[in-house]
Amino acid sequence: MSNLIRGISENGGVVFCGVDSTEIVRTAEKLHTTSATCSAALGRLLTGVSLMGAMLKDDGDSITLRVSGGGPAGVVIACTDAHGSVKGCIDHPLVELPAKENGHLDVGGAVGKDGVLTVIRDNKLQKEPTVGQVPLVSGEIAEDITSYYAYSEQIPTVCALGVLVDKDLSIACAGGYLLQLLPGATDAEITRLEQNIAAMPSVTELLRAGKTPQDMMELAMAGFDPQILDTREVKYQCDCSKERTKDMLLSLGRKELVKLRDEDPKCEVVCHFCHTKYEFDLNELLAETTPEEK
């Protein structure tokens, strides 16, 4: 499980959310057997969506991030609930690229930047989800989330994400933070925040040194007397089940189920997010439908 913290400045003008997502990314790496670069790509997106989920106001809300950049890793997806727990998947988890000149993993090269970041917000009070979309800036994930908030929600935001992968492909540490300015922030406050963030080590450097999300908040909001709003434990958690999978199959309609049954009466459905396998007898499912269903 991972540690997530939310805080706010004394004057209420700056909000902060930080997370140590190491265990989340370790779980994702084991489930999807990702290469180092794909671990970083999926791990950053999972970390980012967990931070965004923690900002949701209603327990029934959820967010899905979909990055489609045209790179060899394919589409990367991450979902979160309002508690910050997440799940995700990546089309081609074994893609590996040479490191960049600075020695960092080439996440942008694997993801690509010729595409879009799609943000789907599902609010239980609305009949249809709200969909926002922005062109990818770099495919490095953090900059793309920052761009989404700036252009789609007009909220000045700083997003920092990091995943450190050891030589044996295990996840050494992972985490990130999201900092947002609320309306009314002064130029002096903006300047101070910029100076604070510019002076901060990277997320993985901080975590490797044993720092916590609260330490990140203290550094980012130095001079703003930050106060903790709440802390919570977040984790990688898939909400699939045999019952939900059965409902999905029944929603295809009798005509489509007959086609599938005629090919093979035994049906296996594999969850993209956790690779759990569910087996069904299509003849038994058809017995629960009526000939009039389409």
# chains A, B, ... in the order shown; residues from 1 in each chain; ligands from 1
>>> residues_around(residues="A:Leu51", least_positions_apart="3", cutoff="12 Å", atoms="only C-alpha atoms", output="mmCIF file with N, CA and C atoms, in the first residue's frame")
data_model
loop_
_atom_site.group_PDB
_atom_site.id
_atom_site.type_symbol
_atom_site.label_atom_id
_atom_site.label_comp_id
_atom_site.auth_asym_id
_atom_site.auth_seq_id
_atom_site.Cartn_x
_atom_site.Cartn_y
_atom_site.Cartn_z
ATOM 1 N N SER A 2 0.325 2.349 -0.436
ATOM 2 C CA SER A 2 1.124 3.547 -0.615
ATOM 3 C C SER A 2 0.553 4.707 0.172
ATOM 4 N N ASN A 3 1.400 5.645 0.454
ATOM 5 C CA ASN A 3 1.022 6.748 1.316
ATOM 6 C C ASN A 3 0.727 8.004 0.499
ATOM 7 N N LEU A 4 -0.446 8.573 0.680
ATOM 8 C CA LEU A 4 -0.854 9.780 -0.039
ATOM 9 C C LEU A 4 -1.269 10.853 0.958
ATOM 10 N N ILE A 5 -0.885 12.107 0.668
ATOM 11 C CA ILE A 5 -1.184 13.217 1.562
ATOM 12 C C ILE A 5 -1.751 14.378 0.759
ATOM 13 N N ARG A 6 -2.717 15.077 1.349
ATOM 14 C CA ARG A 6 -3.243 16.313 0.759
ATOM 15 C C ARG A 6 -3.049 17.444 1.753
ATOM 16 N N VAL A 15 -3.036 24.381 -3.100
ATOM 17 C CA VAL A 15 -3.338 23.020 -2.646
ATOM 18 C C VAL A 15 -2.260 22.071 -3.154
ATOM 19 N N PHE A 16 -2.013 21.028 -2.384
ATOM 20 C CA PHE A 16 -0.927 20.093 -2.682
ATOM 21 C C PHE A 16 -1.417 18.672 -2.463
ATOM 22 N N CYS A 17 -0.965 17.779 -3.320
ATOM 23 C CA CYS A 17 -1.227 16.349 -3.138
ATOM 24 C C CYS A 17 0.045 15.602 -3.509
ATOM 25 N N GLY A 18 0.508 14.734 -2.622
ATOM 26 C CA GLY A 18 1.723 13.964 -2.893
ATOM 27 C C GLY A 18 1.527 12.506 -2.554
ATOM 28 N N VAL A 19 2.252 11.637 -3.250
ATOM 29 C CA VAL A 19 2.086 10.197 -3.023
ATOM 30 C C VAL A 19 3.410 9.459 -3.195
ATOM 31 N N ASP A 20 3.630 8.475 -2.357
ATOM 32 C CA ASP A 20 4.683 7.486 -2.558
ATOM 33 C C ASP A 20 3.984 6.273 -3.172
ATOM 34 N N SER A 21 4.143 6.117 -4.475
ATOM 35 C CA SER A 21 3.409 5.082 -5.212
ATOM 36 C C SER A 21 4.259 3.846 -5.498
ATOM 37 N N ARG A 44 4.301 6.162 -14.092
ATOM 38 C CA ARG A 44 4.039 7.604 -14.010
ATOM 39 C C ARG A 44 2.556 7.901 -14.200
ATOM 40 N N LEU A 45 1.916 7.229 -15.149
ATOM 41 C CA LEU A 45 0.500 7.493 -15.394
ATOM 42 C C LEU A 45 -0.348 7.046 -14.206
ATOM 43 N N LEU A 46 -0.004 5.903 -13.613
ATOM 44 C CA LEU A 46 -0.726 5.428 -12.425
ATOM 45 C C LEU A 46 -0.554 6.406 -11.256
ATOM 46 N N THR A 47 0.653 6.919 -11.098
ATOM 47 C CA THR A 47 0.923 7.882 -10.036
ATOM 48 C C THR A 47 0.134 9.164 -10.266
ATOM 49 N N GLY A 48 0.159 9.640 -11.513
ATOM 50 C CA GLY A 48 -0.556 10.866 -11.845
ATOM 51 C C GLY A 48 -2.057 10.745 -11.642
ATOM 52 N N ALA A 54 -7.358 11.762 -5.919
ATOM 53 C CA ALA A 54 -7.429 12.272 -4.551
ATOM 54 C C ALA A 54 -8.023 13.669 -4.500
ATOM 55 N N MET A 55 -8.049 14.366 -5.640
ATOM 56 C CA MET A 55 -8.629 15.708 -5.703
ATOM 57 C C MET A 55 -10.140 15.677 -5.950
ATOM 58 N N LEU A 56 -10.689 14.494 -6.251
ATOM 59 C CA LEU A 56 -12.122 14.391 -6.506
ATOM 60 C C LEU A 56 -12.910 14.652 -5.224
ATOM 61 N N SER A 62 -14.890 9.084 -10.593
ATOM 62 C CA SER A 62 -13.692 8.371 -11.052
ATOM 63 C C SER A 62 -13.066 9.122 -12.221
ATOM 64 N N ILE A 63 -11.804 8.816 -12.482
ATOM 65 C CA ILE A 63 -11.074 9.429 -13.592
ATOM 66 C C ILE A 63 -10.330 8.344 -14.353
ATOM 67 N N LEU A 65 -7.352 8.134 -17.413
ATOM 68 C CA LEU A 65 -6.395 8.802 -18.296
ATOM 69 C C LEU A 65 -6.022 7.834 -19.414
ATOM 70 N N ALA A 78 -4.785 4.476 -17.396
ATOM 71 C CA ALA A 78 -4.805 4.372 -15.940
ATOM 72 C C ALA A 78 -6.139 4.913 -15.435
ATOM 73 N N CYS A 79 -6.699 4.255 -14.434
ATOM 74 C CA CYS A 79 -7.997 4.642 -13.869
ATOM 75 C C CYS A 79 -7.864 4.780 -12.358
ATOM 76 N N THR A 80 -8.673 5.664 -11.786
ATOM 77 C CA THR A 80 -8.679 5.838 -10.340
ATOM 78 C C THR A 80 -10.083 6.103 -9.828
ATOM 79 N N ASP A 81 -10.296 5.755 -8.571
ATOM 80 C CA ASP A 81 -11.531 6.153 -7.905
ATOM 81 C C ASP A 81 -11.234 7.365 -7.021
ATOM 82 N N ALA A 82 -12.226 7.839 -6.306
ATOM 83 C CA ALA A 82 -12.058 9.046 -5.504
ATOM 84 C C ALA A 82 -11.199 8.808 -4.264
ATOM 85 N N HIS A 83 -10.818 7.568 -4.024
ATOM 86 C CA HIS A 83 -9.962 7.268 -2.876
ATOM 87 C C HIS A 83 -8.492 7.199 -3.279
ATOM 88 N N GLY A 84 -8.223 7.333 -4.590
ATOM 89 C CA GLY A 84 -6.847 7.310 -5.060
ATOM 90 C C GLY A 84 -6.323 5.947 -5.444
ATOM 91 N N SER A 85 -7.133 4.887 -5.271
ATOM 92 C CA SER A 85 -6.704 3.554 -5.691
ATOM 93 C C SER A 85 -6.814 3.440 -7.205
ATOM 94 N N VAL A 86 -5.906 2.682 -7.807
ATOM 95 C CA VAL A 86 -5.742 2.735 -9.263
ATOM 96 C C VAL A 86 -5.620 1.350 -9.904
ATOM 97 N N ALA A 142 4.133 13.747 -16.955
ATOM 98 C CA ALA A 142 3.941 14.856 -16.011
ATOM 99 C C ALA A 142 3.646 16.161 -16.745
ATOM 100 N N ILE A 145 0.066 16.094 -18.137
ATOM 101 C CA ILE A 145 -0.974 16.342 -17.141
ATOM 102 C C ILE A 145 -1.024 17.828 -16.789
ATOM 103 N N VAL A 158 1.418 22.416 -11.195
ATOM 104 C CA VAL A 158 2.733 21.797 -11.335
ATOM 105 C C VAL A 158 2.568 20.319 -11.021
ATOM 106 N N CYS A 159 2.998 19.466 -11.941
ATOM 107 C CA CYS A 159 2.940 18.021 -11.726
ATOM 108 C C CYS A 159 4.345 17.449 -11.883
ATOM 109 N N ALA A 160 4.795 16.705 -10.888
ATOM 110 C CA ALA A 160 6.098 16.046 -10.943
ATOM 111 C C ALA A 160 5.906 14.570 -10.639
ATOM 112 N N LEU A 161 6.433 13.706 -11.500
ATOM 113 C CA LEU A 161 6.271 12.263 -11.344
ATOM 114 C C LEU A 161 7.614 11.579 -11.550
ATOM 115 N N GLY A 175 6.799 7.842 -7.197
ATOM 116 C CA GLY A 175 5.929 8.781 -6.511
ATOM 117 C C GLY A 175 5.753 10.051 -7.320
ATOM 118 N N GLY A 176 5.118 11.033 -6.694
ATOM 119 C CA GLY A 176 4.917 12.294 -7.383
ATOM 120 C C GLY A 176 4.105 13.258 -6.552
ATOM 121 N N TYR A 177 3.946 14.459 -7.091
ATOM 122 C CA TYR A 177 3.098 15.440 -6.418
ATOM 123 C C TYR A 177 2.413 16.325 -7.446
ATOM 124 N N LEU A 178 1.303 16.897 -7.005
ATOM 125 C CA LEU A 178 0.486 17.805 -7.814
ATOM 126 C C LEU A 178 0.243 19.042 -6.961
ATOM 127 N N LEU A 179 0.587 20.192 -7.497
ATOM 128 C CA LEU A 179 0.424 21.443 -6.767
ATOM 129 C C LEU A 179 -0.386 22.397 -7.629
ATOM 130 N N GLN A 180 -1.425 23.000 -7.057
ATOM 131 C CA GLN A 180 -2.307 23.872 -7.829
ATOM 132 C C GLN A 180 -2.531 25.203 -7.129
ATOM 133 N N PRO A 213 5.947 11.958 1.236
ATOM 134 C CA PRO A 213 5.109 12.971 0.589
ATOM 135 C C PRO A 213 4.976 14.245 1.424
ATOM 136 N N ARG A 232 -4.079 9.205 3.395
ATOM 137 C CA ARG A 232 -4.797 7.959 3.120
ATOM 138 C C ARG A 232 -3.853 6.932 2.523
ATOM 139 N N VAL A 234 -3.320 4.301 -0.427
ATOM 140 C CA VAL A 234 -3.819 3.997 -1.774
ATOM 141 C C VAL A 234 -3.046 2.800 -2.317
ATOM 142 N N LYS A 235 -3.658 2.078 -3.254
ATOM 143 C CA LYS A 235 -3.036 0.867 -3.773
ATOM 144 C C LYS A 235 -3.518 0.571 -5.187
#
>>> select_by_dssp(residues="stretch 67-214 of chain A", states="helix (DSSP H, G or I)", output="PyMOL selection string")
chain A and resi 107-111+142-152+187-199+203-208+213-214
>>> closest_residue(among="A:Thr157, A:Gly210, A:Ala172, A:His275", to="A:Glu194", atoms="only C-alpha atoms")
A:Thr157
>>> residues_around(residues="A:Thr27", least_positions_apart="2", cutoff="12 Å", atoms="only C-alpha atoms", output="MDAnalysis selection string")
chainID A and resid 1:2 21:25 29:34 39 42:43 46 86:89 170:171 174 235:238 273:274
>>> write_last_selection(atoms="N, CA, C and O atoms", output="compact mmCIF listing (two decimals), in the first residue's frame")
# COMPACT_ATOMS: atom_id res chain seq x y z
N MET A 1 0.84 -1.18 0.00
CA MET A 1 0.00 0.00 0.00
C MET A 1 0.88 1.25 0.00
O MET A 1 2.03 1.20 0.41
N SER A 2 0.32 2.35 -0.44
CA SER A 2 1.12 3.55 -0.62
C SER A 2 0.55 4.71 0.17
O SER A 2 -0.63 4.75 0.47
N SER A 21 4.14 6.12 -4.47
CA SER A 21 3.41 5.08 -5.21
C SER A 21 4.26 3.85 -5.50
O SER A 21 3.96 3.07 -6.41
N THR A 22 5.32 3.66 -4.72
CA THR A 22 6.25 2.56 -5.00
C THR A 22 5.54 1.22 -5.08
O THR A 22 5.75 0.44 -6.02
N GLU A 23 4.69 0.92 -4.09
CA GLU A 23 4.02 -0.39 -4.09
C GLU A 23 3.01 -0.52 -5.23
O GLU A 23 2.81 -1.60 -5.77
N ILE A 24 2.38 0.59 -5.59
CA ILE A 24 1.46 0.58 -6.73
C ILE A 24 2.20 0.16 -7.99
O ILE A 24 1.75 -0.72 -8.75
N VAL A 25 3.35 0.79 -8.23
CA VAL A 25 4.09 0.52 -9.46
C VAL A 25 4.73 -0.87 -9.42
O VAL A 25 4.82 -1.55 -10.45
N GLU A 29 4.11 -3.65 -12.26
CA GLU A 29 5.24 -4.30 -12.96
C GLU A 29 5.10 -5.82 -12.91
O GLU A 29 5.34 -6.51 -13.91
N LYS A 30 4.67 -6.35 -11.76
CA LYS A 30 4.51 -7.80 -11.64
C LYS A 30 3.33 -8.31 -12.47
O LYS A 30 3.42 -9.37 -13.10
N LEU A 31 2.24 -7.55 -12.49
CA LEU A 31 1.06 -7.97 -13.25
C LEU A 31 1.30 -7.95 -14.75
O LEU A 31 0.88 -8.84 -15.48
N HIS A 32 1.99 -6.89 -15.21
CA HIS A 32 2.13 -6.69 -16.66
C HIS A 32 3.51 -7.06 -17.18
O HIS A 32 3.75 -6.96 -18.39
N THR A 33 4.41 -7.52 -16.29
CA THR A 33 5.79 -7.89 -16.66
C THR A 33 6.40 -6.88 -17.64
O THR A 33 6.82 -7.21 -18.74
N THR A 34 6.43 -5.63 -17.20
CA THR A 34 6.87 -4.54 -18.05
C THR A 34 8.39 -4.43 -18.13
O THR A 34 9.10 -4.77 -17.18
N SER A 39 7.69 0.20 -17.49
CA SER A 39 7.38 0.34 -16.06
C SER A 39 7.31 1.82 -15.69
O SER A 39 6.42 2.25 -14.95
N LEU A 42 4.00 3.42 -17.52
CA LEU A 42 2.76 3.03 -16.84
C LEU A 42 2.77 3.53 -15.39
O LEU A 42 1.76 4.01 -14.88
N GLY A 43 3.94 3.44 -14.74
CA GLY A 43 4.05 3.87 -13.35
C GLY A 43 3.78 5.36 -13.18
O GLY A 43 3.11 5.78 -12.23
N LEU A 46 0.00 5.90 -13.61
CA LEU A 46 -0.73 5.43 -12.42
C LEU A 46 -0.55 6.41 -11.26
O LEU A 46 -1.50 6.69 -10.52
N VAL A 86 -5.91 2.68 -7.81
CA VAL A 86 -5.74 2.74 -9.26
C VAL A 86 -5.62 1.35 -9.90
O VAL A 86 -5.39 0.34 -9.24
N LYS A 87 -5.76 1.36 -11.23
CA LYS A 87 -5.46 0.20 -12.06
C LYS A 87 -5.04 0.74 -13.42
O LYS A 87 -5.35 1.89 -13.77
N GLY A 88 -4.31 -0.06 -14.19
CA GLY A 88 -3.86 0.44 -15.49
C GLY A 88 -3.39 -0.67 -16.39
O GLY A 88 -3.26 -1.84 -15.97
N CYS A 89 -3.12 -0.31 -17.65
CA CYS A 89 -2.59 -1.29 -18.61
C CYS A 89 -1.84 -0.55 -19.71
O CYS A 89 -1.98 0.66 -19.90
N SER A 170 13.36 -4.38 -11.12
CA SER A 170 12.48 -4.14 -9.98
C SER A 170 12.32 -2.63 -9.77
O SER A 170 13.14 -1.84 -10.23
N ILE A 171 11.25 -2.25 -9.10
CA ILE A 171 10.96 -0.83 -8.88
C ILE A 171 11.61 -0.38 -7.57
O ILE A 171 11.22 -0.84 -6.49
N ALA A 174 8.90 5.06 -6.45
CA ALA A 174 8.04 5.79 -7.39
C ALA A 174 7.16 6.73 -6.58
O ALA A 174 6.82 6.45 -5.43
N LYS A 235 -3.66 2.08 -3.25
CA LYS A 235 -3.04 0.87 -3.77
C LYS A 235 -3.52 0.57 -5.19
O LYS A 235 -4.45 1.20 -5.69
N TYR A 236 -2.84 -0.39 -5.82
CA TYR A 236 -3.29 -0.90 -7.11
C TYR A 236 -4.42 -1.88 -6.82
O TYR A 236 -4.23 -2.87 -6.11
N GLN A 237 -5.59 -1.60 -7.35
CA GLN A 237 -6.76 -2.44 -7.02
C GLN A 237 -7.71 -2.49 -8.21
O GLN A 237 -8.28 -1.48 -8.61
N CYS A 238 -7.87 -3.68 -8.77
CA CYS A 238 -8.81 -3.86 -9.88
C CYS A 238 -10.18 -4.22 -9.32
O CYS A 238 -10.29 -5.02 -8.38
N PHE A 273 -6.57 -5.29 -16.88
CA PHE A 273 -5.92 -4.58 -15.79
C PHE A 273 -5.23 -5.48 -14.77
O PHE A 273 -4.25 -5.09 -14.15
N CYS A 274 -5.76 -6.70 -14.56
CA CYS A 274 -5.15 -7.59 -13.56
C CYS A 274 -4.91 -9.00 -14.07
O CYS A 274 -4.39 -9.84 -13.34
